[in-house]
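So this one's data25.tsv, TSV, C-alpha atoms and all ligand atoms:
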```tsv
chain	number	residue	atom	x	y	z
A	5	MET	CA	199.08	125.85	108.79
A	6	GLU	CA	196.43	128.27	109.90
A	7	GLN	CA	192.70	127.62	110.22
A	8	THR	CA	189.80	130.00	109.84
A	9	LEU	CA	186.03	129.84	109.83
A	10	SER	CA	184.10	130.29	106.62
A	11	ILE	CA	180.33	130.42	106.30
A	12	ILE	CA	178.37	130.09	103.09
A	13	LYS	CA	175.46	132.36	103.95
A	14	PRO	CA	171.73	131.77	103.28
A	15	ASP	CA	171.60	133.76	100.02
A	16	ALA	CA	174.25	131.50	98.48
A	17	VAL	CA	172.92	128.20	99.86
A	18	GLU	CA	169.47	129.15	98.60
A	19	ARG	CA	170.88	129.68	95.09
A	20	HIS	CA	172.66	126.28	95.23
A	21	LEU	CA	176.12	127.90	95.06
A	22	GLU	CA	177.67	125.69	97.73
A	23	ASP	CA	179.71	123.52	95.40
A	24	GLU	CA	180.92	126.42	93.24
A	25	ILE	CA	182.07	128.34	96.30
A	26	LYS	CA	183.81	125.30	97.82
A	27	GLN	CA	185.54	124.80	94.47
A	28	MET	CA	186.90	128.37	94.69
A	29	PHE	CA	188.45	127.53	98.08
A	30	LEU	CA	189.96	124.31	96.77
A	31	GLU	CA	191.40	126.05	93.70
A	32	LYS	CA	193.15	128.55	96.01
A	33	GLY	CA	194.74	125.67	97.91
A	34	PHE	CA	192.48	125.63	100.95
A	35	LYS	CA	191.69	122.33	102.59
A	36	ILE	CA	188.16	121.97	103.97
A	37	VAL	CA	188.86	120.33	107.33
A	38	LYS	CA	185.33	120.16	108.70
A	39	GLU	CA	181.98	121.26	107.38
A	40	LYS	CA	178.33	121.06	108.29
A	41	LYS	CA	175.10	122.41	106.90
A	42	ILE	CA	172.87	123.81	109.62
A	43	GLN	CA	170.22	126.38	110.31
A	44	ILE	CA	170.75	128.47	113.43
A	45	GLU	CA	168.30	130.22	115.74
A	46	LYS	CA	168.22	134.00	115.77
A	47	THR	CA	169.56	133.96	119.35
A	48	GLU	CA	172.63	132.04	118.13
A	49	ALA	CA	173.16	134.52	115.30
A	50	GLU	CA	172.98	137.31	117.88
A	51	LEU	CA	175.74	135.63	119.87
A	52	PHE	CA	177.84	134.97	116.79
A	53	TYR	CA	177.61	138.60	115.62
A	54	GLN	CA	177.88	140.08	119.13
A	55	VAL	CA	180.74	142.37	118.01
A	56	HIS	CA	178.23	144.17	115.80
A	57	GLN	CA	175.52	144.58	118.43
A	58	THR	CA	175.71	148.38	118.44
A	59	LYS	CA	175.48	148.65	114.63
A	60	PRO	CA	172.24	149.80	113.02
A	61	PHE	CA	172.17	146.69	110.81
A	62	TYR	CA	172.62	144.21	113.71
A	63	ASN	CA	169.01	143.08	113.98
A	64	ASP	CA	168.57	142.57	110.22
A	65	LEU	CA	171.92	140.80	110.03
A	66	CYS	CA	170.92	138.30	112.73
A	67	THR	CA	167.49	137.75	111.18
A	68	TYR	CA	169.17	137.11	107.86
A	69	LEU	CA	171.87	134.68	109.09
A	70	SER	CA	169.18	132.61	110.78
A	71	SER	CA	166.74	132.78	107.83
A	72	GLY	CA	167.84	129.59	106.09
A	73	PRO	CA	170.48	126.87	105.90
A	74	ILE	CA	174.15	127.85	106.03
A	75	VAL	CA	177.32	125.84	105.48
A	76	VAL	CA	179.96	126.38	108.17
A	77	MET	CA	183.47	125.19	107.41
A	78	ILE	CA	186.87	125.11	109.01
A	79	ILE	CA	189.25	125.84	106.17
A	80	GLU	CA	193.02	125.53	106.34
A	81	LYS	CA	195.96	126.98	104.48
A	82	GLU	CA	199.12	128.93	105.23
A	83	ASN	CA	197.99	132.44	106.19
A	84	ALA	CA	194.38	131.20	105.89
A	85	ILE	CA	192.71	134.13	107.66
A	86	LYS	CA	194.13	136.78	105.35
A	87	GLU	CA	193.99	134.56	102.25
A	88	ASN	CA	190.32	133.87	102.90
A	89	ARG	CA	189.55	137.57	103.36
A	90	ASN	CA	191.29	138.21	100.02
A	91	LEU	CA	189.32	135.48	98.28
A	92	MET	CA	186.04	136.72	99.78
A	93	GLY	CA	186.48	140.29	98.57
A	94	ALA	CA	185.10	143.52	100.04
A	95	THR	CA	182.05	143.45	102.32
A	96	ASN	CA	180.04	145.29	99.69
A	97	PRO	CA	180.05	143.17	96.50
A	98	LYS	CA	180.00	146.42	94.51
A	99	ASP	CA	183.50	147.17	95.81
A	100	ALA	CA	184.80	143.60	95.52
A	101	GLU	CA	187.57	142.84	93.04
A	102	GLU	CA	187.31	140.50	90.05
A	103	GLY	CA	187.96	136.90	90.97
A	104	THR	CA	186.56	137.21	94.50
A	105	ILE	CA	183.59	135.24	95.81
A	106	ARG	CA	181.60	138.34	96.65
A	107	LYS	CA	182.22	139.88	93.23
A	108	LYS	CA	181.07	136.70	91.56
A	109	TYR	CA	178.12	135.77	93.75
A	110	GLY	CA	177.28	138.58	96.21
A	111	ILE	CA	173.96	140.34	95.71
A	112	SER	CA	174.26	143.28	98.11
A	113	ILE	CA	176.09	144.41	101.25
A	114	ASP	CA	173.78	142.31	103.40
A	115	LYS	CA	173.46	139.34	101.03
A	116	ASN	CA	177.17	138.97	100.37
A	117	SER	CA	177.29	135.15	100.24
A	118	VAL	CA	180.16	134.41	102.64
A	119	HIS	CA	181.55	135.13	106.09
A	120	GLY	CA	185.20	134.82	107.07
A	121	SER	CA	186.97	135.39	110.40
A	122	ASP	CA	189.00	138.59	110.48
A	123	SER	CA	191.75	137.84	113.03
A	124	VAL	CA	193.57	134.99	114.76
A	125	GLU	CA	191.59	135.62	117.92
A	126	ASN	CA	188.23	135.67	116.16
A	127	ALA	CA	189.07	132.63	114.03
A	128	LYS	CA	189.65	130.62	117.23
A	129	LYS	CA	186.46	131.93	118.81
A	130	GLU	CA	184.34	131.34	115.71
A	131	ILE	CA	185.71	127.81	115.11
A	132	ASP	CA	184.89	127.00	118.75
A	133	PHE	CA	181.47	128.56	118.40
A	134	PHE	CA	180.44	126.09	115.70
A	135	PHE	CA	182.67	123.08	116.23
A	136	LYS	CA	183.31	122.74	119.95
A	137	ASP	CA	182.07	119.27	120.84
A	201	LIG	P1	182.67	141.26	106.76
A	201	LIG	O1	181.60	140.21	106.60
A	201	LIG	O2	183.27	141.65	105.44
A	201	LIG	O3	183.69	140.92	107.80
A	201	LIG	P2	181.58	143.09	108.73
A	201	LIG	O4	181.87	144.55	108.78
A	201	LIG	O5	182.20	142.22	109.76
A	201	LIG	O6	181.92	142.58	107.26
A	201	LIG	O7	179.99	142.95	108.80
A	201	LIG	C1	179.40	141.69	109.03
A	201	LIG	C2	178.27	141.53	108.05
A	201	LIG	O8	177.27	142.51	108.34
A	201	LIG	C3	178.62	141.77	106.58
A	201	LIG	O9	179.15	140.63	105.94
A	201	LIG	C4	177.29	142.16	106.01
A	201	LIG	O10	176.50	141.00	105.73
A	201	LIG	C5	176.65	142.94	107.14
A	201	LIG	N1	176.88	144.37	106.98
A	201	LIG	C6	178.01	145.07	107.16
A	201	LIG	N2	177.85	146.37	106.94
A	201	LIG	C7	176.55	146.53	106.62
A	201	LIG	C8	175.74	147.67	106.27
A	201	LIG	O11	176.21	148.82	106.22
A	201	LIG	N3	174.43	147.40	105.99
A	201	LIG	C9	173.89	146.16	106.03
A	201	LIG	N4	174.61	145.07	106.34
A	201	LIG	C10	175.92	145.24	106.63
A	202	MG	MG	183.52	140.66	109.84
```
Step by step, read the file and then write its structure as structure tokens.
Amino acid sequence: MEQTLSIIKPDAVERHLEDEIKQMFLEKGFKIVKEKKIQIEKTEAELFYQVHQTKPFYNDLCTYLSSGPIVVMIIEKENAIKENRNLMGATNPKDAEEGTIRKKYGISIDKNSVHGSDSVENAKKEIDFFFKD
């Protein structure tokens, strides 16, 4: 079994889509191992998104992720990292396929409702980032 980090982002929490999105994970056979609803500081968002620090959208992205409550979850399934990326859909909801979370709920490339780790290495790092006791 593989684990990955999923985040329900502020735009989705604000629209009360938490339960619907969790249901989509459960229907695809994911187990939600741990979850917590938190709001992070901008400095934490900057650390979390450090890989994007040279991108033009970095500042807005960090402001946004820290703008309201988020739900962070460790989700588990065989091949969870790739399966979660498939279920999330493309970064830009306009390009996301039918049946994906971003197609269904995403508003725009920045307000795209969910985050998911993109590699084994990053899944470990991101799980530690939020759940290391
Ligand atoms: P991902 O979330 O699909 O992995 P990344 O390329 O890792 O996409 O980008 C991280 C987040 O940064 C995206 O989910 C999105 O919210 C935001 N983002 C990515 N590209 C752009 C852009 O061109 N403009 C504004 N925001 C962007
Ligand atoms: Mg990414």
Write out, as CSV, each residue of chain A that has an atom at most 9 Å from ligand LIG 201 (chain A), together with the closest pair of atoms and their distance in Å to one decimal, counting all atoms listed in the file, rows going by chain and rising number.
```
residue,atom,partner,partner_atom,distance
A:Lys13,CA,A:LIG201,O10,8.9
A:Tyr53,CA,A:LIG201,C1,7.5
A:Val55,CA,A:LIG201,O5,8.4
A:His56,CA,A:LIG201,C1,7.3
A:Lys59,CA,A:LIG201,C7,8.4
A:Pro60,CA,A:LIG201,N3,7.7
A:Phe61,CA,A:LIG201,C9,5.1
A:Tyr62,CA,A:LIG201,O8,7.3
A:Asp64,CA,A:LIG201,N4,7.6
A:Leu65,CA,A:LIG201,O8,5.9
A:Cys66,CA,A:LIG201,O8,8.8
A:Tyr68,CA,A:LIG201,O10,8.6
A:Leu69,CA,A:LIG201,O10,8.5
A:Arg89,CA,A:LIG201,O2,7.8
A:Met92,CA,A:LIG201,O2,8.0
A:Gly93,CA,A:LIG201,O2,7.7
A:Ala94,CA,A:LIG201,O2,6.0
A:Thr95,CA,A:LIG201,O2,3.8
A:Asn96,CA,A:LIG201,O2,7.5
A:Ser112,CA,A:LIG201,O10,8.3
A:Ile113,CA,A:LIG201,N4,5.3
A:Asp114,CA,A:LIG201,O10,3.8
A:Lys115,CA,A:LIG201,O10,5.8
A:Asn116,CA,A:LIG201,O10,5.8
A:Ser117,CA,A:LIG201,O10,8.1
A:Val118,CA,A:LIG201,O9,7.1
A:His119,CA,A:LIG201,O1,5.1
A:Gly120,CA,A:LIG201,O3,6.3
A:Ser121,CA,A:LIG201,O3,6.9
A:Asp122,CA,A:LIG201,O3,6.4
```
Could you save the residues just selected, with C-alpha atoms, as a PDB file, keeping the file's coordinate frame?
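The result, stored in selection.pdb:
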```
ATOM      1  CA  LYS A  13     175.460 132.360 103.950  1.00  0.00           C
ATOM      2  CA  TYR A  53     177.610 138.600 115.620  1.00  0.00           C
ATOM      3  CA  VAL A  55     180.740 142.370 118.010  1.00  0.00           C
ATOM      4  CA  HIS A  56     178.230 144.170 115.800  1.00  0.00           C
ATOM      5  CA  LYS A  59     175.480 148.650 114.630  1.00  0.00           C
ATOM      6  CA  PRO A  60     172.240 149.800 113.020  1.00  0.00           C
ATOM      7  CA  PHE A  61     172.170 146.690 110.810  1.00  0.00           C
ATOM      8  CA  TYR A  62     172.620 144.210 113.710  1.00  0.00           C
ATOM      9  CA  ASP A  64     168.570 142.570 110.220  1.00  0.00           C
ATOM     10  CA  LEU A  65     171.920 140.800 110.030  1.00  0.00           C
ATOM     11  CA  CYS A  66     170.920 138.300 112.730  1.00  0.00           C
ATOM     12  CA  TYR A  68     169.170 137.110 107.860  1.00  0.00           C
ATOM     13  CA  LEU A  69     171.870 134.680 109.090  1.00  0.00           C
ATOM     14  CA  ARG A  89     189.550 137.570 103.360  1.00  0.00           C
ATOM     15  CA  MET A  92     186.040 136.720  99.780  1.00  0.00           C
ATOM     16  CA  GLY A  93     186.480 140.290  98.570  1.00  0.00           C
ATOM     17  CA  ALA A  94     185.100 143.520 100.040  1.00  0.00           C
ATOM     18  CA  THR A  95     182.050 143.450 102.320  1.00  0.00           C
ATOM     19  CA  ASN A  96     180.040 145.290  99.690  1.00  0.00           C
ATOM     20  CA  SER A 112     174.260 143.280  98.110  1.00  0.00           C
ATOM     21  CA  ILE A 113     176.090 144.410 101.250  1.00  0.00           C
ATOM     22  CA  ASP A 114     173.780 142.310 103.400  1.00  0.00           C
ATOM     23  CA  LYS A 115     173.460 139.340 101.030  1.00  0.00           C
ATOM     24  CA  ASN A 116     177.170 138.970 100.370  1.00  0.00           C
ATOM     25  CA  SER A 117     177.290 135.150 100.240  1.00  0.00           C
ATOM     26  CA  VAL A 118     180.160 134.410 102.640  1.00  0.00           C
ATOM     27  CA  HIS A 119     181.550 135.130 106.090  1.00  0.00           C
ATOM     28  CA  GLY A 120     185.200 134.820 107.070  1.00  0.00           C
ATOM     29  CA  SER A 121     186.970 135.390 110.400  1.00  0.00           C
ATOM     30  CA  ASP A 122     189.000 138.590 110.480  1.00  0.00           C
TER      31      ASP A 122
END
```
Neighbouring residues of Gln43 of chain A were defined as those with any atom within 7 Å, considering all atoms listed in the file; residues of the same chain fewer than 4 positions away were excluded. Please report them as a PyMOL selection string. chain A and resi 70+72-74
Next, write the just-selected residues to a file, as a PDB file, in the frame of the given file, keeping C-alpha atoms as the atom set.
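Dumped to result_32.pdb:
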```pdb
ATOM      1  CA  SER A  70     169.180 132.610 110.780  1.00  0.00           C
ATOM      2  CA  GLY A  72     167.840 129.590 106.090  1.00  0.00           C
ATOM      3  CA  PRO A  73     170.480 126.870 105.900  1.00  0.00           C
ATOM      4  CA  ILE A  74     174.150 127.850 106.030  1.00  0.00           C
TER       5      ILE A  74
END
```
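Among A:Thr58, A:Val75, A:Lys46, A:Gly103, the residue with the shortest atom-to-atom distance to Asp23 of chain A, counting all atoms listed in the file, is A:Val75.
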Please return the centre and edge lengths, in Å to one decimal, of a box with edges along x, y and z that contains all listed atoms of segment 12-29 of chain A, widened by 8 Å on every side, as AutoDock Vina command-line options.
```
--center_x 179.0 --center_y 128.6 --center_z 98.6 --size_x 35.0 --size_y 26.2 --size_z 26.7
```
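Considering the residues A:Lys26, A:Lys98, A:Arg106, A:Arg19 and counting all atoms listed in the file, Ile78 of chain A has its shortest atom-to-atom contact with A:Lys26.
Closest approach to ligand MG 202 (chain A) among A:Gly110, A:Glu102, A:Asn63, A:Phe52 is made by A:Phe52 (distances from all atoms listed in the file).
Taking atom CA of Asn90 of chain A as the reference point, atom CA of Gln54 of chain A is found at 23.4 Å.
Shell of Lys35 of chain A at 6 Å, with all atoms listed in the file counted and residues fewer than 2 places along the chain excluded, is Val37, Ile79 and Glu80 of chain A.
Minimum distance to ligand MG 202 (chain A) across A:Ile85, A:Ile36, A:Met77, A:Leu21 (counting all atoms listed in the file) occurs at A:Ile85.
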Using all atoms listed in the file for the distances, tell me which of A:Leu9, A:Ser71, A:Asn83, A:Phe135 is nearest to ligand MG 202 (chain A). A:Leu9
Would you mind listing what lies within 10 Å of Glu87 of chain A as a ChimeraX atom specification, with all atoms listed in the file counted and same-chain residues fewer than 4 positions away left out? /A:8,29,32-34,80-83,91-92
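Residue nearest ligand MG 202 (chain A), chosen from A:Gln27, A:Thr67, A:Ser123, A:Thr47 and counting all atoms listed in the file: A:Ser123.
Across the structure, atom CA of Ala84 of chain A and atom CA of Gln7 of chain A are spaced 5.9 Å apart.
Interatomic distance, atom CA of Ile12 of chain A to atom CA of Phe134 of chain A: 13.4 Å.
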